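J.: One structure, as structure tokens, below. Some questions next.
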Amino acid sequence: MPDMLTSHRTLFIEWGDCDPADIVFYPNYFKWFDASTAHHFKSAGLPKPELIRRYGVVGFPMVDTRAKFHIPSRHGDEVAIETTISRFGSSSFDVEHRLTRDGKLAVEGFEKRVLVRKTDDGTSITSCPVPDEVKRLFTRQP
């Protein structure tokens, strides 16, 4: 398996991110993971607007997602998110996120996304192949 690019983000947990128990309300993790996927493309040199313009696609919607919660995060915490595309299919790709707090794994996020374009009649979307040059952006070369 090739060595895949990993990107990094740091977030500060705000009061509004938390529930009444002062722990992060779980949907916020999925919001942060979605933003981390877009950040990952930008860090590889292909921001989402450029991907759309260059390849005539409309984006990469999520078709499956899940998370494993290990330890809670609270208001005032600083967390780090590492994002990696772990696998490319012909039109899909798997994204893994590792959110850590104080060096400890707090949450793991998993997404399956599909690159899509508009259908010929423009009324819907359909999957399309991930270009090889896009795949290469996320593969570290020795």
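By order of appearance in the structure tokens: chains A, B, ..., then residues from 1 within every chain, and ligands from 1 in the order shown.
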Find the residues around region 10-17 of chain A up to 7 Å (only C-alpha atoms counted), leave out those fewer than 5 positions away in its own chain, and share them as a compact mmCIF listing (two decimals) with all heavy atoms, in the first residue's frame.

T.:
```txt
# COMPACT_ATOMS: atom_id res chain seq x y z
N VAL A 24 -18.48 17.88 23.72
CA VAL A 24 -18.83 18.20 22.34
C VAL A 24 -20.07 17.42 21.92
O VAL A 24 -20.16 16.20 22.11
CB VAL A 24 -17.64 17.89 21.40
CG1 VAL A 24 -18.06 18.01 19.93
CG2 VAL A 24 -16.47 18.82 21.70
N PHE A 25 -21.04 18.15 21.37
CA PHE A 25 -22.24 17.53 20.81
C PHE A 25 -21.82 16.78 19.56
O PHE A 25 -21.25 17.37 18.63
CB PHE A 25 -23.27 18.63 20.51
CG PHE A 25 -24.59 18.15 20.01
CD1 PHE A 25 -25.27 17.12 20.63
CD2 PHE A 25 -25.17 18.75 18.91
CE1 PHE A 25 -26.51 16.69 20.17
CE2 PHE A 25 -26.40 18.34 18.43
CZ PHE A 25 -27.07 17.30 19.05
N ASN A 28 -21.10 17.75 15.77
CA ASN A 28 -20.02 18.68 15.45
C ASN A 28 -18.78 17.96 14.94
O ASN A 28 -18.05 18.49 14.10
CB ASN A 28 -19.70 19.56 16.66
CG ASN A 28 -20.78 20.58 16.90
OD1 ASN A 28 -21.28 21.19 15.95
ND2 ASN A 28 -21.17 20.75 18.14
N ARG A 74 -14.05 18.86 25.60
CA ARG A 74 -14.88 19.85 26.30
C ARG A 74 -14.52 21.27 25.86
O ARG A 74 -13.48 21.50 25.27
CB ARG A 74 -14.67 19.71 27.80
CG ARG A 74 -15.21 18.42 28.36
CD ARG A 74 -15.02 18.35 29.88
NE ARG A 74 -15.87 17.36 30.48
CZ ARG A 74 -15.69 16.04 30.37
NH1 ARG A 74 -14.69 15.56 29.69
NH2 ARG A 74 -16.53 15.20 30.96
N HIS A 75 -15.40 22.19 26.26
CA HIS A 75 -15.17 23.61 26.00
C HIS A 75 -13.79 23.99 26.50
O HIS A 75 -13.38 23.66 27.61
CB HIS A 75 -16.26 24.42 26.71
CG HIS A 75 -16.04 25.89 26.66
ND1 HIS A 75 -16.13 26.69 27.76
CD2 HIS A 75 -15.70 26.71 25.64
CE1 HIS A 75 -15.88 27.93 27.43
NE2 HIS A 75 -15.62 27.97 26.15
N GLY A 76 -13.02 24.68 25.66
CA GLY A 76 -11.68 25.14 26.01
C GLY A 76 -10.57 24.20 25.57
O GLY A 76 -9.40 24.60 25.59
N ASP A 77 -10.91 22.97 25.18
CA ASP A 77 -9.88 22.03 24.73
C ASP A 77 -9.36 22.42 23.36
O ASP A 77 -10.08 22.98 22.53
CB ASP A 77 -10.44 20.59 24.62
CG ASP A 77 -10.68 19.93 25.96
OD1 ASP A 77 -10.18 20.44 26.99
OD2 ASP A 77 -11.39 18.90 25.98
N GLU A 78 -8.09 22.11 23.13
CA GLU A 78 -7.50 22.21 21.81
C GLU A 78 -7.37 20.79 21.29
O GLU A 78 -6.86 19.91 21.99
CB GLU A 78 -6.12 22.86 21.89
CG GLU A 78 -5.43 22.97 20.55
CD GLU A 78 -4.07 23.66 20.66
OE1 GLU A 78 -3.97 24.69 21.34
OE2 GLU A 78 -3.13 23.13 20.06
N VAL A 79 -7.88 20.55 20.08
CA VAL A 79 -7.81 19.22 19.49
C VAL A 79 -7.10 19.30 18.13
O VAL A 79 -7.09 20.35 17.50
CB VAL A 79 -9.21 18.57 19.33
CG1 VAL A 79 -9.88 18.38 20.69
CG2 VAL A 79 -10.11 19.40 18.40
N ALA A 80 -6.52 18.20 17.74
CA ALA A 80 -5.86 18.11 16.44
C ALA A 80 -6.57 17.05 15.61
O ALA A 80 -6.98 16.01 16.14
CB ALA A 80 -4.39 17.73 16.63
N ILE A 81 -6.72 17.32 14.33
CA ILE A 81 -7.33 16.36 13.42
C ILE A 81 -6.32 16.03 12.33
O ILE A 81 -5.81 16.92 11.65
CB ILE A 81 -8.62 16.90 12.77
CG1 ILE A 81 -9.65 17.26 13.84
CG2 ILE A 81 -9.19 15.87 11.79
CD1 ILE A 81 -10.91 17.89 13.30
```

J.: Env of Arg54 (chain A): 12 Å cut, atoms = only C-alpha atoms, seq-sep filter 6 positions within chain, self excluded. Answer as an mmCIF file with C-alpha atoms, in the first residue's frame.

T.:
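As a result, around.cif now contains:
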```
data_model
loop_
_atom_site.group_PDB
_atom_site.id
_atom_site.type_symbol
_atom_site.label_atom_id
_atom_site.label_comp_id
_atom_site.auth_asym_id
_atom_site.auth_seq_id
_atom_site.Cartn_x
_atom_site.Cartn_y
_atom_site.Cartn_z
ATOM 1 C CA LEU A 46 -6.298 21.070 -5.122
ATOM 2 C CA PRO A 47 -8.849 23.255 -3.281
ATOM 3 C CA LYS A 48 -12.428 22.148 -3.903
ATOM 4 C CA PRO A 131 -8.548 11.139 -12.298
ATOM 5 C CA GLU A 133 -3.513 12.872 -11.426
ATOM 6 C CA VAL A 134 -5.819 13.553 -8.455
#
```

J.: So which residues touch Ser36 (chain A) within 12 Å, counting only C-alpha atoms, skipping near sequence neighbours fewer than 5 positions away, as number ranges by chain?

T.: A: 6-11, 29-31, 41-43, 47-48, 80-85, 95-99, 109-111

J.: Could you turn the residues from that selection into a file that holds N, CA and C atoms, as a PDB file, in the first residue's frame?

T.:
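Final output, part.pdb:
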```pdb
ATOM      1  N   THR A   6      -0.949  12.909   4.670  1.00  0.00           N
ATOM      2  CA  THR A   6      -1.762  13.221   5.848  1.00  0.00           C
ATOM      3  C   THR A   6      -1.733  14.728   6.056  1.00  0.00           C
ATOM      4  N   SER A   7      -2.912  15.304   6.260  1.00  0.00           N
ATOM      5  CA  SER A   7      -2.988  16.738   6.562  1.00  0.00           C
ATOM      6  C   SER A   7      -3.385  16.913   8.027  1.00  0.00           C
ATOM      7  N   HIS A   8      -3.145  18.116   8.543  1.00  0.00           N
ATOM      8  CA  HIS A   8      -3.357  18.392   9.968  1.00  0.00           C
ATOM      9  C   HIS A   8      -4.105  19.703  10.143  1.00  0.00           C
ATOM     10  N   ARG A   9      -5.027  19.701  11.093  1.00  0.00           N
ATOM     11  CA  ARG A   9      -5.738  20.918  11.504  1.00  0.00           C
ATOM     12  C   ARG A   9      -5.795  20.952  13.015  1.00  0.00           C
ATOM     13  N   THR A  10      -5.826  22.140  13.568  1.00  0.00           N
ATOM     14  CA  THR A  10      -6.020  22.317  15.003  1.00  0.00           C
ATOM     15  C   THR A  10      -7.312  23.095  15.207  1.00  0.00           C
ATOM     16  N   LEU A  11      -8.114  22.641  16.161  1.00  0.00           N
ATOM     17  CA  LEU A  11      -9.376  23.313  16.489  1.00  0.00           C
ATOM     18  C   LEU A  11      -9.430  23.603  17.982  1.00  0.00           C
ATOM     19  N   TYR A  29     -18.535  16.751  15.419  1.00  0.00           N
ATOM     20  CA  TYR A  29     -17.394  15.999  14.908  1.00  0.00           C
ATOM     21  C   TYR A  29     -17.537  15.747  13.409  1.00  0.00           C
ATOM     22  N   PHE A  30     -18.748  15.421  12.976  1.00  0.00           N
ATOM     23  CA  PHE A  30     -18.961  15.163  11.545  1.00  0.00           C
ATOM     24  C   PHE A  30     -18.799  16.441  10.725  1.00  0.00           C
ATOM     25  N   LYS A  31     -19.208  17.573  11.291  1.00  0.00           N
ATOM     26  CA  LYS A  31     -18.995  18.871  10.625  1.00  0.00           C
ATOM     27  C   LYS A  31     -17.499  19.130  10.480  1.00  0.00           C
ATOM     28  N   PHE A  41      -7.906  18.287   0.658  1.00  0.00           N
ATOM     29  CA  PHE A  41      -7.746  18.560  -0.774  1.00  0.00           C
ATOM     30  C   PHE A  41      -6.943  19.841  -0.985  1.00  0.00           C
ATOM     31  N   LYS A  42      -7.234  20.866  -0.197  1.00  0.00           N
ATOM     32  CA  LYS A  42      -6.488  22.119  -0.315  1.00  0.00           C
ATOM     33  C   LYS A  42      -5.018  21.911   0.020  1.00  0.00           C
ATOM     34  N   SER A  43      -4.731  21.128   1.057  1.00  0.00           N
ATOM     35  CA  SER A  43      -3.337  20.904   1.453  1.00  0.00           C
ATOM     36  C   SER A  43      -2.579  20.094   0.409  1.00  0.00           C
ATOM     37  N   PRO A  47      -7.661  22.805  -4.025  1.00  0.00           N
ATOM     38  CA  PRO A  47      -8.849  23.255  -3.281  1.00  0.00           C
ATOM     39  C   PRO A  47     -10.113  22.856  -4.039  1.00  0.00           C
ATOM     40  N   LYS A  48     -11.182  22.634  -3.299  1.00  0.00           N
ATOM     41  CA  LYS A  48     -12.428  22.148  -3.903  1.00  0.00           C
ATOM     42  C   LYS A  48     -12.896  22.996  -5.091  1.00  0.00           C
ATOM     43  N   ALA A  80      -6.524  18.199  17.740  1.00  0.00           N
ATOM     44  CA  ALA A  80      -5.856  18.111  16.438  1.00  0.00           C
ATOM     45  C   ALA A  80      -6.570  17.046  15.610  1.00  0.00           C
ATOM     46  N   ILE A  81      -6.716  17.323  14.329  1.00  0.00           N
ATOM     47  CA  ILE A  81      -7.326  16.361  13.419  1.00  0.00           C
ATOM     48  C   ILE A  81      -6.318  16.029  12.328  1.00  0.00           C
ATOM     49  N   GLU A  82      -6.040  14.745  12.173  1.00  0.00           N
ATOM     50  CA  GLU A  82      -5.219  14.234  11.074  1.00  0.00           C
ATOM     51  C   GLU A  82      -6.158  13.575  10.074  1.00  0.00           C
ATOM     52  N   THR A  83      -5.984  13.888   8.813  1.00  0.00           N
ATOM     53  CA  THR A  83      -6.850  13.357   7.762  1.00  0.00           C
ATOM     54  C   THR A  83      -6.001  12.684   6.698  1.00  0.00           C
ATOM     55  N   THR A  84      -6.445  11.497   6.276  1.00  0.00           N
ATOM     56  CA  THR A  84      -5.765  10.718   5.243  1.00  0.00           C
ATOM     57  C   THR A  84      -6.800  10.063   4.344  1.00  0.00           C
ATOM     58  N   ILE A  85      -6.553  10.071   3.048  1.00  0.00           N
ATOM     59  CA  ILE A  85      -7.346   9.219   2.149  1.00  0.00           C
ATOM     60  C   ILE A  85      -6.654   7.868   2.175  1.00  0.00           C
ATOM     61  N   VAL A  95     -11.892   8.113   3.449  1.00  0.00           N
ATOM     62  CA  VAL A  95     -11.179   9.126   4.222  1.00  0.00           C
ATOM     63  C   VAL A  95     -11.207   8.704   5.684  1.00  0.00           C
ATOM     64  N   GLU A  96     -10.060   8.834   6.334  1.00  0.00           N
ATOM     65  CA  GLU A  96      -9.973   8.539   7.760  1.00  0.00           C
ATOM     66  C   GLU A  96      -9.493   9.793   8.492  1.00  0.00           C
ATOM     67  N   HIS A  97     -10.149  10.061   9.618  1.00  0.00           N
ATOM     68  CA  HIS A  97      -9.798  11.200  10.468  1.00  0.00           C
ATOM     69  C   HIS A  97      -9.455  10.674  11.857  1.00  0.00           C
ATOM     70  N   ARG A  98      -8.410  11.229  12.445  1.00  0.00           N
ATOM     71  CA  ARG A  98      -8.037  10.913  13.829  1.00  0.00           C
ATOM     72  C   ARG A  98      -7.991  12.223  14.597  1.00  0.00           C
ATOM     73  N   LEU A  99      -8.923  12.376  15.534  1.00  0.00           N
ATOM     74  CA  LEU A  99      -8.971  13.568  16.360  1.00  0.00           C
ATOM     75  C   LEU A  99      -8.343  13.216  17.703  1.00  0.00           C
ATOM     76  N   GLY A 109     -12.920   9.096  12.735  1.00  0.00           N
ATOM     77  CA  GLY A 109     -13.994   9.292  11.779  1.00  0.00           C
ATOM     78  C   GLY A 109     -13.668   8.594  10.475  1.00  0.00           C
ATOM     79  N   PHE A 110     -14.709   8.057   9.839  1.00  0.00           N
ATOM     80  CA  PHE A 110     -14.542   7.308   8.596  1.00  0.00           C
ATOM     81  C   PHE A 110     -15.604   7.773   7.606  1.00  0.00           C
ATOM     82  N   GLU A 111     -15.167   8.087   6.396  1.00  0.00           N
ATOM     83  CA  GLU A 111     -16.081   8.531   5.343  1.00  0.00           C
ATOM     84  C   GLU A 111     -15.802   7.753   4.055  1.00  0.00           C
TER      85      GLU A 111
END
```

J.: What residues in chain A get the DSSP label helix (DSSP H, G or I)? Please answer as JSON, numbers by chain.

T.: {"A": [15, 16, 17, 27, 28, 29, 30, 31, 32, 33, 34, 35, 36, 37, 38, 39, 40, 41, 42, 43, 48, 49, 50, 51, 52, 53, 54, 55, 132, 133, 134, 135, 136, 137]}

J.: I need the strand (DSSP E or B) residues of chain A per DSSP on the backbone, written as a ChimeraX atom specification.

T.: /A:4,6-12,18,23-24,59,62-69,74,78-88,92-101,104-114,116-118,125-127,139

J.: Give the answer as one residue: which of A:Thr65, A:Thr139, A:Ser73, A:Thr37 has the shortest atom-to-atom distance to Leu105 (chain A), using only C-alpha atoms?

T.: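 Nearest candidate to Leu105 (chain A) out of A:Thr65, A:Thr139, A:Ser73, A:Thr37: A:Ser73.
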
J.: Which residue, A:Val130, A:Val57, A:Met62, A:Met4, has the smallest gap to His40 (chain A) when you use only C-alpha atoms?

T.: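 Closest candidate: A:Met4.
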
J.: Given only C-alpha atoms as the basis, pick out the residue of A:Gly56, A:Pro20, A:Gly103, A:Pro61 nearest to Asp34 (chain A).

T.: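 Closest candidate: A:Pro61.
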
J.: Please, what distance in Å, to one decimal, runs between CA of Phe138 (chain A) and CA of Lys68 (chain A)?

T.: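 CA of Lys68 (chain A) lies at a distance of 24.3 Å from CA of Phe138 (chain A).
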
J.: A:Arg140, A:Lys118, A:His70, A:Arg53: which is nearest Lys104 (chain A), counting only C-alpha atoms?

T.: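 Comparing A:Arg140, A:Lys118, A:His70, A:Arg53 against Lys104 (chain A), the winner is A:His70.
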
J.: Interatomic distance between CA of Pro27 (chain A) and CA of Pro72 (chain A)?

T.: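 Answer for the CA of Pro27 (chain A) to CA of Pro72 (chain A) separation: 13.2 Å.
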